[in-house]
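Student: Take a look at this one; I'll ask things after.
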Amino acid sequence: MLFGLDGVEIGLIIVFFCLFGGILSGFPVAFAIGGAGIISFGIIAALDSAGLLIHQAIDTGSQMYRDLVNSGVNPEKISIFRYPDLPRVGEPVFASGWETALDRNVSFIVNRMNERVLAGQSIETLLAVLMFVLMGITLERSKIANDLLTTMARVFGPLPGGLAVSIVVVGAFLAASTGIVGATVVTMGLLALPTMLRNNYSPELATGVIAASGTLGQIIPPSIVIVLLGTLAGDLYSTAQESRAVAAGCTDALTYLGEPAVVSVGTLFQAALLPGIMLALLYALYAFGYALLNPEKAPAVALSGGSGEPITRAEGLTWLLAAPLGLIGGALLMGSVGLIGSQSITVSGFSDISEGASLRTNVSEQCKASMIELHGQEAWDKAVAEQEAIDAAGGVTESQKLSEEEIAAARDAKIAAAAPIGTGVAVMVVLLGLTLVFGRGIAPSQSPQPLILGAVGLLLVLLVDVLLIAPTTTSGQTFLLLALPMALALYGCKEAAARCATNDLIRVVFPPLVLIIAVLGSILGGITNPTPAAALGAGGAIMLAAYRKLQDEGRSGKVIIWSTFAIIICLLIGVNFDLRVNQGVVTAETWIAFVMAYATYLYALFGLLYGCWVLFASGVLTPVVRETAKVTSMVFTILIGSQLLNLVVISFGGEHYIQQFLKSFDNEFTVFLIVMLVLFILGFVLDFLEIIYIVIPIVGPVIYGGSFDPKWVTIMVAVNLQTSFLTPPFGFALFYLRGVAPKEVTTGHIYRGIIPFVIIQVVGIGILWFFPSIVTIVPDLIPN
């Protein structure tokens, strides 16, 4: 053996040095990774041909090995790490020669490019990366971040460490709207760092909080890291659990686990929400605590400026806190007692299929023992009892077509159980009511009459819904009945919105907040998957940026505003009317609704194209598209290069060797802790993209092949990867900040400043380690 090392170990060392040599060479990382794979394969193939690389494999023909297998040990669990005393036999690292390995690699790289880059199942999800990048860069170029920083600094500045806290708030806000670390760090570094230094803030605290807050986009959804990790996690978890089920003696993962082995990007977005908010709170608490202990290094600063009518504390508490909470709480209370609910009378023409047992019980003895070990004896006994009851009742009831009488009876039952107030009407009343309340709170000295008329209109909407609208009322009739009271309500809300626009905080925060709620709400609520939501976000960002550009130029932005209303109207029509006009019998009501929906769609499309033209004419759209193409191309090129490097590692047995080492530990937590430590250390020298595409496919079959919740595993890895932006010497957030920091801020200031936040990241990982429910509670509450 060369240098006393196993041939596979030498191969891994060669790949390691080629990779880092390529990264440090100055070549673009995307090409350096692929080049490292080609060069390392050539070196390993040459050494193997010269007979210098010998792999010490277990001699499967030895008596000791046969005795071990006969004793009941699974051959899959036998490795040189777990049983180092077993006889070994020397063999080349390329079992069939490097020529065969090269031929396989070429074939595999073509197949993998086709599956993961060109036409595979994950390509639709990866398209969300392009859309989110476009959304983020558009918002960053629209100067929305400038307004947020200025406004939040005025709000939090008077608090101890208020400027630092405002940076965290803006960082979290930009994370949910852009998700691009570079843009966030550069923007906040240019705008906020000079202001903090002028107000005697410690350079360490100022640079640390800017760099750390800028990385929140890696965990707070919509996160590109989670999109990329999610596409891998879904495949790795499904494959690993299938292998685990077969090893347990079961036919498939569904039988063994009792549930499908599936994890989606949308579910991961739900899981990442609370951990992202937790990290932002930890950052803000540190900044506030630092200011209390070192008031001279993080003083309170009262910034001038702002607009809006001054209000008393009592007015603020009444109209901006108590009234909104009362409005929302009242709606929730009415929903809990059945006054608000669904009024749908749609029934299925087929009966429901009866539920099966919680676990499959018609399995082999080996699978039964494995399932009892996994789920417990009580769960197995419960499933057996459920199956016996089902069998006694004649088995699982199949779906059957209902008769006209049965359909009519089911419809009558739904009509009788319908709530007096529909959910849609209640949501609309709450939203418009909040607008009226905030309008009153922002300008309490102005005439309340328009707002009172709006409130009366909302009460009439509820009254009409209770007295005149029945579940059998058509959508067209409902629209006509609600038209007059809704017009009165909208009159009051128009006046309230105009008053709210005089307040800087609402004027700056509300537009991007609506966009964030539209994108994240559609994903977190399970309405759609990330790709259409990302497209919605990209289109909304373009229109928002165009409106901002028109305002800066003193031009009217009414086209954009009316296009936004057109989208809302189109969605409302789509939800409430049956727009299928290709059926045999189409009512006049359906045709009218279809024409209106199509007209609003065309106007919304015109508004989007107009927004693109405004940005193009002002010189904003071209650099946005160019930067989006550059970032997206980099991601996909790294994906291709990393696949090539992975195949090289697989070809000489490196992947199997690493997985055997990890599987030699009996404790799952120990294995996962080792992986997390390795990822943390690699974060010092590798970017998150390289770690995702090079390291995760190797260790993924191990960490996703156990009993851990895949959502928890993925979010733990994502939070760990977030630290790769902060850890020197290759922390990209540090590079971005160094490039825009004033001369008086040194690299030492930046490095010292991020140390507390790296520690906070580790603390955050520890909290998620001991309290995994922080990750799983939101996906468990929201139906998928």
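Chain lettering (A, B, ...) mirrors the order of the structure tokens, residue numbering begins at 1 for each chain separately, and ligand numbering begins at 1 in order of display.
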Report the residues of stretch 20-218 of chain A whose backbone DSSP state falls under helix (DSSP H, G or I), written as a PyMOL selection string.
Tutor: chain A and resi 20-24+29-49+63-70+75-77+98-118+123-141+144-156+162-177+181-198+203-218
Student: Among stretch 294-467 of chain A, which residues carry a DSSP assignment of strand (DSSP E or B), reported as a list of chain:residue names?
Tutor: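 Taking stretch 294-467 of chain A and keeping strand (DSSP E or B) gives A:Ile340, A:Gly341, A:Phe350, A:Lys401, A:Ile421, A:Gly422.
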Student: So which residues touch A:Glu242 within 10 Å, counting only C-alpha atoms, skipping near sequence neighbours fewer than 4 positions away, as a VMD selection string?
Tutor: chain A and resid 236 to 238 246 to 248 250 to 257 261 705
Student: Could you jot down the atom CA of A:Val165 to atom CA of A:Ala287 separation for me, Å, one decimal place?
Tutor: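 Spanning atom CA of A:Val165 to atom CA of A:Ala287 is a straight-line distance of 6.3 Å.
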Student: Name all residues at most 12 Å from A:Phe661 (count only C-alpha atoms; drop same-chain ones fewer than 3 positions away) and give them as a list of chain:residue names.
Tutor: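 Counting only C-alpha atoms, the residues come to A:Glu9, A:Lys77, A:Ile78, A:Ser79, A:Ile80, A:Phe81, A:Arg82, A:Tyr83, A:Pro84, A:Gly654, A:Glu655, A:His656, A:Tyr657, A:Ile658, A:Ser664, A:Phe665, A:Asp666, A:Thr670, A:Val671, A:Ile674, A:Val675, A:Ile698, A:Val699, A:Val702.
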Student: Tell me which protein, DNA and RNA residues are within 8 Å of A:Gly607, counting only C-alpha atoms, leaving out same-chain ones fewer than 2 positions away, and put them as a PyMOL selection string.
Tutor: chain A and resi 543+559-560+563+603-605+609-611
Student: Go ahead and save the residues from that selection, with N, CA and C atoms, as an mmCIF file, in the first residue's frame.
Tutor:
data_model
loop_
_atom_site.group_PDB
_atom_site.id
_atom_site.type_symbol
_atom_site.label_atom_id
_atom_site.label_comp_id
_atom_site.auth_asym_id
_atom_site.auth_seq_id
_atom_site.Cartn_x
_atom_site.Cartn_y
_atom_site.Cartn_z
ATOM 1 N N MET A 543 -43.575 44.259 -11.211
ATOM 2 C CA MET A 543 -44.589 45.317 -11.135
ATOM 3 C C MET A 543 -44.313 46.267 -9.978
ATOM 4 N N VAL A 559 -51.524 52.352 -13.861
ATOM 5 C CA VAL A 559 -51.607 51.123 -14.662
ATOM 6 C C VAL A 559 -51.199 49.914 -13.819
ATOM 7 N N ILE A 560 -50.130 50.079 -13.035
ATOM 8 C CA ILE A 560 -49.664 48.987 -12.184
ATOM 9 C C ILE A 560 -50.686 48.681 -11.096
ATOM 10 N N SER A 563 -53.633 46.979 -12.564
ATOM 11 C CA SER A 563 -53.262 45.600 -12.933
ATOM 12 C C SER A 563 -53.276 44.693 -11.711
ATOM 13 N N TYR A 603 -55.676 42.299 -18.925
ATOM 14 C CA TYR A 603 -55.211 43.592 -18.406
ATOM 15 C C TYR A 603 -54.033 43.382 -17.446
ATOM 16 N N ALA A 604 -54.092 42.323 -16.637
ATOM 17 C CA ALA A 604 -52.970 42.035 -15.741
ATOM 18 C C ALA A 604 -51.706 41.722 -16.547
ATOM 19 N N LEU A 605 -51.865 40.978 -17.644
ATOM 20 C CA LEU A 605 -50.726 40.688 -18.514
ATOM 21 C C LEU A 605 -50.171 41.972 -19.135
ATOM 22 N N LEU A 609 -46.382 43.452 -18.750
ATOM 23 C CA LEU A 609 -45.549 43.862 -19.895
ATOM 24 C C LEU A 609 -45.204 45.346 -19.805
ATOM 25 N N TYR A 610 -46.147 46.149 -19.337
ATOM 26 C CA TYR A 610 -45.879 47.580 -19.166
ATOM 27 C C TYR A 610 -44.797 47.792 -18.107
ATOM 28 N N GLY A 611 -44.882 47.020 -17.027
ATOM 29 C CA GLY A 611 -43.851 47.104 -15.998
ATOM 30 C C GLY A 611 -42.482 46.733 -16.544
#
Student: For A:Thr215, which residue among A:Val778, A:Val631, A:Leu721, A:Ala145 is the nearest when counting only C-alpha atoms?
Tutor: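 Ranked by minimum distance to A:Thr215, first place goes to A:Leu721.
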Student: Of the candidates A:Pro742, A:Pro710, A:Pro511, A:Gly35, which one gets nearest to A:Ala271 if we count only C-alpha atoms?
Tutor: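 Of A:Pro742, A:Pro710, A:Pro511, A:Gly35, the one nearest A:Ala271 is A:Pro710, counting only C-alpha atoms.
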Student: Please identify all polymer residues within 9 Å of A:Phe672, counting only C-alpha atoms, omitting same-chain residues fewer than 5 positions from it, and present them as a PDB file with all heavy atoms, in the first residue's frame.
Tutor:
ATOM      1  N   LEU A 662     -19.449   5.597   8.176  1.00  0.00           N
ATOM      2  CA  LEU A 662     -20.545   6.185   8.943  1.00  0.00           C
ATOM      3  C   LEU A 662     -21.469   5.108   9.512  1.00  0.00           C
ATOM      4  O   LEU A 662     -21.952   5.218  10.638  1.00  0.00           O
ATOM      5  CB  LEU A 662     -21.340   7.145   8.053  1.00  0.00           C
ATOM      6  CG  LEU A 662     -20.597   8.418   7.605  1.00  0.00           C
ATOM      7  CD1 LEU A 662     -21.453   9.217   6.633  1.00  0.00           C
ATOM      8  CD2 LEU A 662     -20.218   9.281   8.797  1.00  0.00           C
ATOM      9  N   ASN A 667     -25.054   4.253  16.840  1.00  0.00           N
ATOM     10  CA  ASN A 667     -25.944   5.325  17.269  1.00  0.00           C
ATOM     11  C   ASN A 667     -26.178   6.301  16.124  1.00  0.00           C
ATOM     12  O   ASN A 667     -25.232   6.875  15.581  1.00  0.00           O
ATOM     13  CB  ASN A 667     -25.335   6.050  18.478  1.00  0.00           C
ATOM     14  CG  ASN A 667     -26.340   6.984  19.140  1.00  0.00           C
ATOM     15  OD1 ASN A 667     -27.019   7.743  18.466  1.00  0.00           O
ATOM     16  ND2 ASN A 667     -26.431   6.925  20.460  1.00  0.00           N
ATOM     17  N   LEU A 677     -20.579  18.000  11.973  1.00  0.00           N
ATOM     18  CA  LEU A 677     -19.253  18.562  12.247  1.00  0.00           C
ATOM     19  C   LEU A 677     -18.445  18.688  10.955  1.00  0.00           C
ATOM     20  O   LEU A 677     -17.769  19.706  10.734  1.00  0.00           O
ATOM     21  CB  LEU A 677     -18.506  17.693  13.256  1.00  0.00           C
ATOM     22  CG  LEU A 677     -18.989  17.776  14.710  1.00  0.00           C
ATOM     23  CD1 LEU A 677     -18.261  16.755  15.581  1.00  0.00           C
ATOM     24  CD2 LEU A 677     -18.775  19.183  15.275  1.00  0.00           C
ATOM     25  N   VAL A 702     -26.977   7.750   4.161  1.00  0.00           N
ATOM     26  CA  VAL A 702     -26.821   7.354   5.560  1.00  0.00           C
ATOM     27  C   VAL A 702     -27.713   8.187   6.469  1.00  0.00           C
ATOM     28  O   VAL A 702     -28.474   7.654   7.275  1.00  0.00           O
ATOM     29  CB  VAL A 702     -25.347   7.466   6.001  1.00  0.00           C
ATOM     30  CG1 VAL A 702     -25.198   7.060   7.463  1.00  0.00           C
ATOM     31  CG2 VAL A 702     -24.458   6.612   5.118  1.00  0.00           C
ATOM     32  N   ILE A 703     -27.650   9.522   6.333  1.00  0.00           N
ATOM     33  CA  ILE A 703     -28.411  10.374   7.261  1.00  0.00           C
ATOM     34  C   ILE A 703     -29.907  10.352   6.963  1.00  0.00           C
ATOM     35  O   ILE A 703     -30.724  10.634   7.840  1.00  0.00           O
ATOM     36  CB  ILE A 703     -27.877  11.826   7.248  1.00  0.00           C
ATOM     37  CG1 ILE A 703     -28.010  12.456   5.861  1.00  0.00           C
ATOM     38  CG2 ILE A 703     -26.431  11.862   7.711  1.00  0.00           C
ATOM     39  CD1 ILE A 703     -27.572  13.919   5.809  1.00  0.00           C
ATOM     40  N   VAL A 713     -33.788  16.696   9.461  1.00  0.00           N
ATOM     41  CA  VAL A 713     -32.433  16.496   8.927  1.00  0.00           C
ATOM     42  C   VAL A 713     -32.091  17.597   7.931  1.00  0.00           C
ATOM     43  O   VAL A 713     -31.007  18.205   7.985  1.00  0.00           O
ATOM     44  CB  VAL A 713     -32.319  15.105   8.263  1.00  0.00           C
ATOM     45  CG1 VAL A 713     -30.994  14.969   7.519  1.00  0.00           C
ATOM     46  CG2 VAL A 713     -32.450  14.002   9.297  1.00  0.00           C
TER      47      VAL A 713
END
Student: Can you pull out the residues contacting A:Glu99? Cut-off 12 Å, using only C-alpha atoms, and skip same-chain residues under 6 positions away; I want them as an MDAnalysis selection string.
Tutor: chainID A and resid 41:42 45:46 48:49 105:106 651:652
Student: Store the residues picked out above, limited to N, CA, C and O atoms, as an mmCIF file, in the first residue's frame.
Tutor:
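The new file part04.cif reads:
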data_model
loop_
_atom_site.group_PDB
_atom_site.id
_atom_site.type_symbol
_atom_site.label_atom_id
_atom_site.label_comp_id
_atom_site.auth_asym_id
_atom_site.auth_seq_id
_atom_site.Cartn_x
_atom_site.Cartn_y
_atom_site.Cartn_z
ATOM 1 N N PHE A 41 -9.477 11.929 -11.577
ATOM 2 C CA PHE A 41 -9.696 10.608 -12.185
ATOM 3 C C PHE A 41 -8.469 10.163 -12.962
ATOM 4 O O PHE A 41 -8.061 8.989 -12.904
ATOM 5 N N GLY A 42 -7.858 11.087 -13.710
ATOM 6 C CA GLY A 42 -6.660 10.747 -14.466
ATOM 7 C C GLY A 42 -5.516 10.311 -13.561
ATOM 8 O O GLY A 42 -4.821 9.325 -13.843
ATOM 9 N N ALA A 45 -6.399 6.891 -11.999
ATOM 10 C CA ALA A 45 -6.306 5.837 -13.012
ATOM 11 C C ALA A 45 -4.846 5.491 -13.304
ATOM 12 O O ALA A 45 -4.494 4.312 -13.460
ATOM 13 N N ALA A 46 -3.979 6.509 -13.368
ATOM 14 C CA ALA A 46 -2.550 6.257 -13.629
ATOM 15 C C ALA A 46 -1.917 5.474 -12.488
ATOM 16 O O ALA A 46 -1.161 4.514 -12.718
ATOM 17 N N ASP A 48 -3.453 3.562 -10.347
ATOM 18 C CA ASP A 48 -4.038 2.221 -10.300
ATOM 19 C C ASP A 48 -3.427 1.326 -11.376
ATOM 20 O O ASP A 48 -3.132 0.139 -11.127
ATOM 21 N N SER A 49 -3.196 1.867 -12.567
ATOM 22 C CA SER A 49 -2.582 1.079 -13.642
ATOM 23 C C SER A 49 -1.158 0.677 -13.287
ATOM 24 O O SER A 49 -0.681 -0.386 -13.706
ATOM 25 N N ASN A 105 -18.733 6.246 -16.256
ATOM 26 C CA ASN A 105 -18.867 7.641 -15.832
ATOM 27 C C ASN A 105 -19.461 8.501 -16.939
ATOM 28 O O ASN A 105 -20.316 9.359 -16.694
ATOM 29 N N VAL A 106 -18.985 8.283 -18.166
ATOM 30 C CA VAL A 106 -19.502 9.073 -19.285
ATOM 31 C C VAL A 106 -21.001 8.800 -19.470
ATOM 32 O O VAL A 106 -21.800 9.724 -19.679
ATOM 33 N N SER A 651 -16.774 5.875 -8.668
ATOM 34 C CA SER A 651 -16.134 4.897 -9.557
ATOM 35 C C SER A 651 -15.021 4.117 -8.881
ATOM 36 O O SER A 651 -14.804 2.942 -9.216
ATOM 37 N N PHE A 652 -14.271 4.723 -7.936
ATOM 38 C CA PHE A 652 -13.198 3.972 -7.278
ATOM 39 C C PHE A 652 -13.592 3.526 -5.864
ATOM 40 O O PHE A 652 -12.746 3.126 -5.070
#
Student: Calculated over only C-alpha atoms, which of the candidates A:Ile715, A:Leu468, A:Leu339, A:Ala245 has the smallest distance to A:Gly258?
Tutor: A:Ala245
Student: Find the nearest atom pair between each residue of stretch 575-689 of chain A and stretch 725-730 of chain A for residues within 7 Å, count only C-alpha atoms, give distances in Å to one decimal, sort rows by chain and ascending number, and present the table as a tab-separated table.
Tutor:
residue	atom	partner	partner_atom	distance
A:Gly683	CA	A:Thr727	CA	6.8
A:Phe684	CA	A:Thr727	CA	5.2
A:Val685	CA	A:Phe730	CA	5.4
Student: If you measure from atom CA of A:Ala233 to atom CA of A:Asn74, what distance in Å do you get, rounded to one decimal?
Tutor: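 We find that atom CA of A:Ala233 and atom CA of A:Asn74 lie 26.4 Å from each other.
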Student: In terms of the shortest atom-to-atom distance over only C-alpha atoms, which of A:Ser344, A:Thr312, A:Asn200, A:Ser522 is closest to A:Pro222?
Tutor: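 Of all the options, A:Ser522 lies closest to A:Pro222.
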Student: From the list A:Ile442, A:Ile210, A:Val508, A:Leu281, which residue is nearest A:Leu317 when using only C-alpha atoms?
Tutor: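 The shortest atom-to-atom distance to A:Leu317 comes from A:Ile442.
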Student: Which is closest to A:Val209 among A:Ile224, A:Ala176, A:Ala487, A:Val168, if we use only C-alpha atoms?
Tutor: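 Nearest candidate to A:Val209 out of A:Ile224, A:Ala176, A:Ala487, A:Val168: A:Val168.
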Student: Just the number, please: distance in Å from atom CA of A:Ile765 to atom CA of A:Ala211, one decimal.
Tutor: 18.4 Å
